[in-house]
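What follows is start-v6.cif (mmCIF, C-alpha atoms).
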data_coords
#
loop_
_atom_site.label_atom_id
_atom_site.label_comp_id
_atom_site.auth_asym_id
_atom_site.auth_seq_id
_atom_site.Cartn_x
_atom_site.Cartn_y
_atom_site.Cartn_z
CA MET J 11 -132.95 -120.03 118.48
CA GLY J 12 -130.15 -122.11 119.90
CA TYR J 13 -127.78 -119.37 121.02
CA SER J 14 -125.59 -119.62 124.07
CA VAL J 15 -126.36 -116.73 126.43
CA GLU J 16 -124.02 -115.10 128.92
CA LEU J 17 -125.72 -112.90 131.53
CA SER J 18 -123.66 -110.59 133.74
CA THR J 19 -124.76 -108.35 136.59
CA VAL J 20 -123.23 -104.89 136.37
CA SER J 21 -123.86 -101.29 137.37
CA ALA J 22 -125.89 -99.04 135.09
CA GLY J 23 -122.87 -97.10 133.88
CA VAL J 24 -120.95 -100.26 133.05
CA MET J 25 -124.00 -101.70 131.28
CA PHE J 26 -124.22 -98.75 128.90
CA GLU J 27 -120.46 -98.53 128.39
CA ALA J 28 -120.05 -102.25 127.70
CA VAL J 29 -122.75 -102.21 125.02
CA ALA J 30 -121.58 -98.88 123.54
CA THR J 31 -118.05 -100.23 123.09
CA GLY J 32 -119.32 -103.48 121.58
CA ASP J 33 -117.92 -105.63 124.36
CA GLN J 34 -121.46 -106.79 125.15
CA ASP J 35 -124.35 -107.29 122.69
CA PHE J 36 -127.50 -105.75 124.17
CA MET J 37 -129.20 -104.73 127.40
CA THR J 38 -132.78 -105.45 128.44
CA THR J 39 -132.87 -103.38 131.63
CA ALA J 40 -132.46 -99.75 130.59
CA TRP J 41 -134.96 -97.32 132.19
CA LEU J 42 -135.81 -94.26 130.11
CA PRO J 43 -136.46 -91.39 129.88
CA TYR J 44 -135.53 -90.55 133.48
CA THR J 45 -133.49 -93.08 135.43
CA HIS J 46 -130.73 -93.78 132.88
CA LYS J 47 -130.99 -90.53 130.94
CA SER J 48 -127.41 -89.41 131.57
CA TYR J 49 -125.91 -92.72 130.37
CA TRP J 50 -128.13 -92.75 127.28
CA GLU J 51 -127.37 -89.16 126.38
CA ALA J 52 -123.64 -89.72 126.76
CA ARG J 53 -123.46 -92.84 124.55
CA LYS J 54 -126.54 -92.86 122.32
CA ASN J 55 -124.48 -92.23 119.18
CA ASN J 56 -122.87 -95.63 119.70
CA LEU J 57 -126.07 -97.45 120.64
CA ASP J 58 -129.12 -98.78 118.79
CA ARG J 59 -132.48 -98.61 120.59
CA ILE J 60 -134.22 -101.83 119.52
CA GLY J 61 -137.56 -101.72 121.29
CA THR J 62 -139.66 -101.14 124.39
CA LEU J 63 -140.50 -104.26 126.35
CA TYR J 64 -142.42 -102.65 129.22
CA GLU J 65 -144.38 -99.42 129.26
CA GLY J 66 -145.84 -97.73 132.29
CA ALA J 67 -143.27 -98.17 135.05
CA VAL J 68 -144.65 -95.73 137.57
CA LEU J 69 -145.37 -94.74 141.17
CA ALA J 70 -149.07 -94.32 141.97
CA ILE J 71 -151.87 -94.34 144.53
CA VAL J 72 -153.62 -97.65 143.93
CA VAL J 73 -157.23 -98.59 144.71
CA PRO J 74 -159.45 -101.64 144.08
CA ASP J 75 -161.17 -101.39 140.73
CA TYR J 76 -164.63 -101.21 142.37
CA VAL J 77 -163.74 -97.79 143.78
CA THR J 78 -165.75 -95.41 141.65
CA ILE J 79 -163.26 -92.55 141.31
CA ASP J 80 -160.43 -92.47 138.79
CA SER J 81 -158.32 -89.46 139.78
CA LEU J 82 -156.45 -88.21 142.81
CA ALA J 83 -158.28 -84.93 142.29
CA GLU J 84 -161.51 -86.70 143.34
CA MET J 85 -160.18 -88.21 146.59
CA LYS J 86 -160.89 -85.21 148.82
CA ASP J 87 -164.61 -85.58 148.09
CA HIS J 88 -164.60 -89.14 149.46
CA ALA J 89 -162.94 -88.74 152.86
CA GLY J 90 -165.64 -90.84 154.50
CA GLU J 91 -165.23 -93.84 152.20
CA PHE J 92 -161.42 -93.78 152.53
CA GLY J 93 -161.44 -92.91 156.24
CA SER J 94 -159.28 -89.86 155.38
CA ARG J 95 -156.36 -92.26 155.11
CA ILE J 96 -153.82 -93.58 152.61
CA VAL J 97 -152.06 -96.81 153.58
CA GLY J 98 -148.33 -96.49 153.02
CA ILE J 99 -145.20 -98.61 153.35
CA ASP J 100 -141.84 -98.08 155.04
CA PRO J 101 -141.38 -94.47 156.18
CA GLY J 102 -138.05 -94.08 154.39
CA ALA J 103 -139.34 -95.03 150.95
CA GLY J 104 -139.26 -92.36 148.27
CA ILE J 105 -142.93 -92.83 147.48
CA MET J 106 -143.80 -92.05 151.10
CA GLU J 107 -141.93 -88.76 151.04
CA ALA J 108 -143.47 -87.77 147.71
CA THR J 109 -146.96 -88.75 148.86
CA LYS J 110 -146.72 -86.87 152.15
CA ASN J 111 -144.90 -83.76 150.98
CA VAL J 112 -146.12 -83.29 147.41
CA LEU J 113 -149.15 -85.39 146.49
CA MET J 114 -151.33 -84.92 149.57
CA PRO J 115 -150.99 -81.11 149.84
CA ASN J 116 -151.41 -80.76 146.07
CA TYR J 117 -154.74 -82.61 146.00
CA GLY J 118 -156.24 -81.13 149.16
CA LEU J 119 -155.43 -84.12 151.38
CA GLY J 120 -153.19 -82.30 153.81
CA ASP J 121 -155.36 -83.26 156.79
CA TRP J 122 -155.49 -86.97 155.81
CA GLU J 123 -153.34 -89.62 157.46
CA LEU J 124 -150.57 -91.43 155.59
CA SER J 125 -150.13 -94.68 157.54
CA GLU J 126 -146.60 -96.02 157.85
CA SER J 127 -146.36 -99.78 157.63
CA SER J 128 -144.51 -102.25 155.42
CA GLU J 129 -145.15 -103.74 152.01
CA ALA J 130 -146.44 -106.96 153.60
CA ALA J 131 -148.74 -105.07 156.00
CA MET J 132 -149.99 -102.85 153.19
CA ILE J 133 -150.81 -105.87 151.03
CA ALA J 134 -152.56 -107.58 153.97
CA GLU J 135 -154.74 -104.52 154.58
CA LEU J 136 -155.46 -104.22 150.87
CA GLU J 137 -156.59 -107.83 150.71
CA ARG J 138 -158.74 -107.46 153.82
CA SER J 139 -160.48 -104.41 152.35
CA ILE J 140 -161.07 -106.15 149.03
CA ASN J 141 -162.60 -109.13 150.81
CA ASN J 142 -164.99 -106.71 152.56
CA GLN J 143 -165.52 -104.60 149.41
CA GLU J 144 -164.38 -101.52 151.35
CA TRP J 145 -162.62 -98.51 149.85
CA ILE J 146 -158.88 -98.30 150.43
CA ALA J 147 -156.02 -96.33 148.87
CA VAL J 148 -152.43 -97.56 149.09
CA THR J 149 -149.06 -96.32 147.94
CA GLY J 150 -148.16 -98.49 145.00
CA TRP J 151 -145.91 -98.86 142.01
CA ALA J 152 -145.76 -100.82 138.81
CA PRO J 153 -144.51 -103.26 137.80
CA HIS J 154 -145.64 -105.18 140.90
CA TRP J 155 -147.19 -108.59 141.42
CA LYS J 156 -150.25 -107.18 143.24
CA PHE J 157 -151.69 -106.23 139.85
CA ALA J 158 -151.68 -109.89 138.90
CA ALA J 159 -153.18 -111.00 142.22
CA TYR J 160 -156.00 -108.45 142.64
CA ASP J 161 -158.26 -106.30 140.45
CA LEU J 162 -156.70 -102.87 140.99
CA LYS J 163 -156.30 -99.54 139.26
CA MET J 164 -153.94 -96.62 139.59
CA LEU J 165 -155.60 -93.29 140.27
CA GLU J 166 -154.72 -90.68 137.66
CA ASP J 167 -152.20 -88.11 138.84
CA PRO J 168 -152.89 -85.15 136.52
CA ASP J 169 -150.26 -82.95 138.17
CA GLU J 170 -147.62 -85.74 138.06
CA THR J 171 -146.87 -85.33 141.75
CA LEU J 172 -145.26 -88.80 141.79
CA GLY J 173 -143.29 -88.28 138.57
CA GLY J 174 -143.89 -89.42 135.03
CA LEU J 175 -144.01 -92.72 133.23
CA GLU J 176 -140.86 -94.66 132.43
CA GLU J 177 -140.18 -97.44 129.94
CA ILE J 178 -137.91 -100.46 130.17
CA VAL J 179 -136.14 -100.53 126.82
CA ILE J 180 -133.81 -102.81 124.87
CA ILE J 181 -130.62 -101.23 123.54
CA ALA J 182 -128.03 -103.00 121.39
CA ARG J 183 -124.50 -102.29 120.25
CA GLU J 184 -123.87 -100.74 116.85
CA GLY J 185 -123.99 -103.43 114.18
CA PHE J 186 -125.96 -105.97 116.22
CA ARG J 187 -129.04 -105.36 114.09
CA GLU J 188 -127.13 -106.34 110.95
CA ASP J 189 -125.30 -109.24 112.61
CA TYR J 190 -128.34 -110.91 114.20
CA PRO J 191 -131.58 -109.91 112.41
CA GLU J 192 -133.52 -112.90 113.80
CA ILE J 193 -132.68 -111.88 117.37
CA VAL J 194 -133.62 -108.27 116.67
CA SER J 195 -136.95 -109.45 115.26
CA PHE J 196 -137.61 -111.31 118.52
CA LEU J 197 -136.56 -108.32 120.64
CA GLU J 198 -138.82 -105.99 118.67
CA ASN J 199 -141.77 -108.32 119.37
CA TRP J 200 -140.93 -108.91 123.05
CA LYS J 201 -143.37 -106.87 125.11
CA MET J 202 -144.73 -107.66 128.56
CA THR J 203 -147.82 -106.32 130.28
CA SER J 204 -147.99 -105.38 133.93
CA ASP J 205 -149.96 -108.56 134.67
CA GLN J 206 -147.47 -110.79 132.85
CA LEU J 207 -144.47 -109.29 134.57
CA GLY J 208 -146.37 -109.31 137.83
CA GLU J 209 -146.86 -113.07 137.56
CA VAL J 210 -143.12 -113.64 137.29
CA MET J 211 -142.40 -111.17 140.09
CA HIS J 212 -144.94 -112.98 142.29
CA MET J 213 -143.04 -116.23 141.75
CA ILE J 214 -139.78 -114.52 142.77
CA SER J 215 -140.93 -112.16 145.53
CA VAL J 216 -143.68 -114.23 147.16
CA ASP J 217 -142.96 -117.84 146.20
CA GLY J 218 -139.20 -117.43 146.68
CA MET J 219 -138.18 -118.89 143.32
CA ALA J 220 -134.84 -118.03 141.69
CA PRO J 221 -135.30 -115.66 138.72
CA ALA J 222 -134.16 -118.23 136.16
CA VAL J 223 -136.47 -120.90 137.60
CA ALA J 224 -139.41 -118.50 137.71
CA ALA J 225 -138.73 -117.36 134.15
CA ALA J 226 -138.59 -120.95 132.88
CA GLU J 227 -141.86 -121.83 134.60
CA TRP J 228 -143.58 -118.70 133.31
CA VAL J 229 -142.37 -119.38 129.79
CA GLY J 230 -143.66 -122.94 130.03
CA ASN J 231 -147.06 -121.71 131.21
CA ASN J 232 -147.29 -118.98 128.54
CA GLN J 233 -145.93 -120.66 125.45
CA ASP J 234 -148.50 -119.00 123.20
CA VAL J 235 -147.31 -115.57 124.32
CA VAL J 236 -143.69 -116.54 123.83
CA ASP J 237 -144.47 -118.00 120.40
CA SER J 238 -145.95 -114.64 119.37
CA TRP J 239 -142.65 -112.99 120.26
CA LEU J 240 -140.78 -115.52 118.13
CA SER J 241 -143.06 -115.40 115.10
CA MET Q 23 -138.34 -100.97 148.86
CA PHE Q 24 -138.62 -99.72 145.30
CA LYS Q 25 -135.13 -100.99 144.56
CA LYS Q 26 -136.10 -104.43 145.82
CA ILE Q 27 -139.11 -104.55 143.53
CA ARG Q 28 -137.12 -103.32 140.58
CA TYR Q 29 -134.60 -106.04 141.28
CA SER Q 30 -137.29 -108.68 140.97
CA ALA Q 31 -138.50 -107.21 137.71
CA LEU Q 32 -135.13 -106.74 136.10
CA ALA Q 33 -133.75 -110.11 137.09
CA ALA Q 34 -136.90 -111.67 135.67
CA LEU Q 35 -136.51 -109.83 132.40
CA ALA Q 36 -132.91 -110.91 131.99
CA ALA Q 37 -133.87 -114.51 132.69
CA ILE Q 38 -136.85 -114.42 130.35
CA VAL Q 39 -134.90 -113.16 127.36
CA MET Q 40 -132.51 -116.04 127.85
CA THR Q 41 -135.16 -118.68 128.49
CA ALA Q 42 -137.85 -117.59 126.09
CA GLY Q 43 -136.04 -116.35 123.10
CA LEU Q 44 -132.44 -117.08 122.62
CA ALA Q 45 -131.43 -120.30 124.29
CA GLY Q 46 -134.25 -122.69 123.42
CA GLY Q 47 -135.65 -124.30 120.34
CA CYS Q 48 -132.54 -125.57 118.58
CA SER Q 49 -130.25 -128.44 119.45
CA GLN Q 50 -127.26 -127.00 117.60
CA GLU Q 51 -125.72 -124.21 119.63
CA LYS Q 52 -124.69 -121.03 117.81
CA GLU Q 53 -122.62 -118.08 118.99
CA THR Q 54 -122.64 -116.66 122.51
CA ILE Q 55 -124.78 -113.55 123.02
CA LYS Q 56 -123.59 -111.35 125.87
CA ILE Q 57 -126.26 -109.52 127.90
CA PRO Q 58 -125.36 -107.24 130.83
CA TYR Q 59 -128.14 -106.27 133.22
CA VAL Q 60 -128.60 -104.14 136.30
CA GLN Q 61 -130.07 -105.56 139.50
CA TRP Q 62 -131.97 -102.36 140.09
CA ALA Q 63 -132.42 -99.28 137.99
#

Just give me the structure as structure tokens.
Amino acid sequence: MGYSVELSTVSAGVMFEAVATGDQDFMTTAWLPYTHKSYWEARKNNLDRIGTLYEGAVLAIVVPDYVTIDSLAEMKDHAGEFGSRIVGIDPGAGIMEATKNVLMPNYGLGDWELSESSEAAMIAELERSINNQEWIAVTGWAPHWKFAAYDLKMLEDPDETLGGLEEIVIIAREGFREDYPEIVSFLENWKMTSDQLGEVMHMISVDGMAPAVAAAEWVGNNQDVVDSWLS
Amino acid sequence: MFKKIRYSALAALAAIVMTAGLAGGCSQEKETIKIPYVQWA
């Protein structure tokens, strides 16, 4: 499109305020309906929600897709296959507290073990189990690059013990839609799947690439996807 | 941990919107579009 782009890193409150006042044009990193609810509610009359670029940001218990159950409610009937164990991450993480104190008692897993480890150790154990086609359950979240690297699924959480789904949405200043209709058309089309975002995150988190470098490489490797956003 | 992962995702999204959509494809530069973003949600 040929525009010059100025990115600036700010806090969430400043992000919403700067767009609401028209000082900045639009944001691509608003999390709704939960994380940024207070900022959105306070300024939504001066903002224009353009689109949703990512759906399904969520905490979950994750298993390989060959595991034959689909819900946390079924786990207690498969203690043998799972070894009565969920593989966790750092003990201070919010997902660990929610899993131990809410999820496990709720689904009849109070006598199971929640292993404390690290993200790297959890991923290593996940990969080892997949290589051996063994059952394993890990604390997980999306978006995350593991969904691009392995065939995984999130177990359904019918009682929402780990919270509900969030979306990453695009929000513009008042008048931006009229000022830049071609950009708004692009933003309305711009949607990324968990796998697509996971590929970019893998480049940043595992390969150590700078975000701008990773984004440029991903765009170059997925020009057909990008072209569909621009059409 | 979750903040670190969110950082990766959000930084990537900010970079992609610049790289994929707005900055490329035209040799004649137009106006400057200002995009604030958070490092983690």

Residue IDs satisfying the PyMOL selection byres ((chain Q and resi 41) around 12), as a ChimeraX atom specification: /J:11-17,221-230,233,236 /Q:34-40,42-47

For CA of Leu42 (chain J) and CA of Gly61 (chain J), the interatomic separation in Å (one decimal):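 Interatomic distance, CA of Leu42 (chain J) to CA of Gly61 (chain J): 11.7 Å.
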
Residue nearest Trp145 (chain J) - candidates J:Trp200, J:Val72, J:Leu172, J:Ala130, atoms counted: only C-alpha atoms: J:Val72

Explicit residues for the PyMOL selection byres ((chain J and resi 178) around 7) (as a VMD selection string): chain J and resid 39 to 42 62 to 65 176 to 177 179

Glu91 (chain J) environment, 12 Å, only C-alpha atoms, sequence neighbours closer than 5 positions dropped, as a VMD selection string: chain J and resid 73 77 to 79 84 to 86 96 139 143 to 147

Reference answer for the PyMOL selection byres ((chain J and resi 32) around 9), as a PyMOL selection string: chain J and resi 27-31+33-36+56+182-186

Two-atom distance - CA of Met106 (chain J), CA of Tyr49 (chain J) (Å):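 Those two atoms sit 27.4 Å apart.
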
Is there a way to complete region 129-145 of chain J with N, CA and C atoms and then write that out as a PDB file, keeping the file's coordinate frame?
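Result went into selection24.pdb, see below:
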ATOM      1  N   GLU J 129    -144.488-103.225 153.201  1.00  0.00           N
ATOM      2  CA  GLU J 129    -145.150-103.740 152.010  1.00  0.00           C
ATOM      3  C   GLU J 129    -146.091-104.886 152.380  1.00  0.00           C
ATOM      4  N   ALA J 130    -145.618-105.794 153.236  1.00  0.00           N
ATOM      5  CA  ALA J 130    -146.440-106.960 153.600  1.00  0.00           C
ATOM      6  C   ALA J 130    -147.711-106.518 154.325  1.00  0.00           C
ATOM      7  N   ALA J 131    -147.572-105.548 155.257  1.00  0.00           N
ATOM      8  CA  ALA J 131    -148.740-105.070 156.000  1.00  0.00           C
ATOM      9  C   ALA J 131    -149.700-104.332 155.079  1.00  0.00           C
ATOM     10  N   MET J 132    -149.141-103.577 154.148  1.00  0.00           N
ATOM     11  CA  MET J 132    -149.990-102.850 153.190  1.00  0.00           C
ATOM     12  C   MET J 132    -150.788-103.834 152.337  1.00  0.00           C
ATOM     13  N   ILE J 133    -150.121-104.865 151.857  1.00  0.00           N
ATOM     14  CA  ILE J 133    -150.810-105.870 151.030  1.00  0.00           C
ATOM     15  C   ILE J 133    -151.882-106.583 151.850  1.00  0.00           C
ATOM     16  N   ALA J 134    -151.592-106.886 153.121  1.00  0.00           N
ATOM     17  CA  ALA J 134    -152.560-107.580 153.970  1.00  0.00           C
ATOM     18  C   ALA J 134    -153.808-106.711 154.172  1.00  0.00           C
ATOM     19  N   GLU J 135    -153.599-105.418 154.395  1.00  0.00           N
ATOM     20  CA  GLU J 135    -154.740-104.520 154.580  1.00  0.00           C
ATOM     21  C   GLU J 135    -155.521-104.342 153.282  1.00  0.00           C
ATOM     22  N   LEU J 136    -154.798-104.309 152.167  1.00  0.00           N
ATOM     23  CA  LEU J 136    -155.460-104.220 150.870  1.00  0.00           C
ATOM     24  C   LEU J 136    -156.344-105.437 150.639  1.00  0.00           C
ATOM     25  N   GLU J 137    -155.823-106.598 150.930  1.00  0.00           N
ATOM     26  CA  GLU J 137    -156.590-107.830 150.710  1.00  0.00           C
ATOM     27  C   GLU J 137    -157.807-107.891 151.624  1.00  0.00           C
ATOM     28  N   ARG J 138    -157.630-107.453 152.872  1.00  0.00           N
ATOM     29  CA  ARG J 138    -158.740-107.460 153.820  1.00  0.00           C
ATOM     30  C   ARG J 138    -159.859-106.523 153.340  1.00  0.00           C
ATOM     31  N   SER J 139    -159.484-105.358 152.846  1.00  0.00           N
ATOM     32  CA  SER J 139    -160.480-104.410 152.350  1.00  0.00           C
ATOM     33  C   SER J 139    -161.205-104.954 151.120  1.00  0.00           C
ATOM     34  N   ILE J 140    -160.455-105.590 150.235  1.00  0.00           N
ATOM     35  CA  ILE J 140    -161.070-106.150 149.030  1.00  0.00           C
ATOM     36  C   ILE J 140    -162.067-107.250 149.416  1.00  0.00           C
ATOM     37  N   ASN J 141    -161.683-108.067 150.378  1.00  0.00           N
ATOM     38  CA  ASN J 141    -162.600-109.130 150.810  1.00  0.00           C
ATOM     39  C   ASN J 141    -163.898-108.558 151.375  1.00  0.00           C
ATOM     40  N   ASN J 142    -163.803-107.364 151.987  1.00  0.00           N
ATOM     41  CA  ASN J 142    -164.990-106.710 152.560  1.00  0.00           C
ATOM     42  C   ASN J 142    -165.605-105.687 151.618  1.00  0.00           C
ATOM     43  N   GLN J 143    -165.022-105.576 150.402  1.00  0.00           N
ATOM     44  CA  GLN J 143    -165.520-104.600 149.410  1.00  0.00           C
ATOM     45  C   GLN J 143    -165.527-103.176 149.975  1.00  0.00           C
ATOM     46  N   GLU J 144    -164.514-102.863 150.794  1.00  0.00           N
ATOM     47  CA  GLU J 144    -164.380-101.520 151.350  1.00  0.00           C
ATOM     48  C   GLU J 144    -163.399-100.710 150.517  1.00  0.00           C
ATOM     49  N   TRP J 145    -163.546 -99.375 150.565  1.00  0.00           N
ATOM     50  CA  TRP J 145    -162.620 -98.510 149.850  1.00  0.00           C
ATOM     51  C   TRP J 145    -161.295 -98.447 150.601  1.00  0.00           C
TER      52      TRP J 145
END
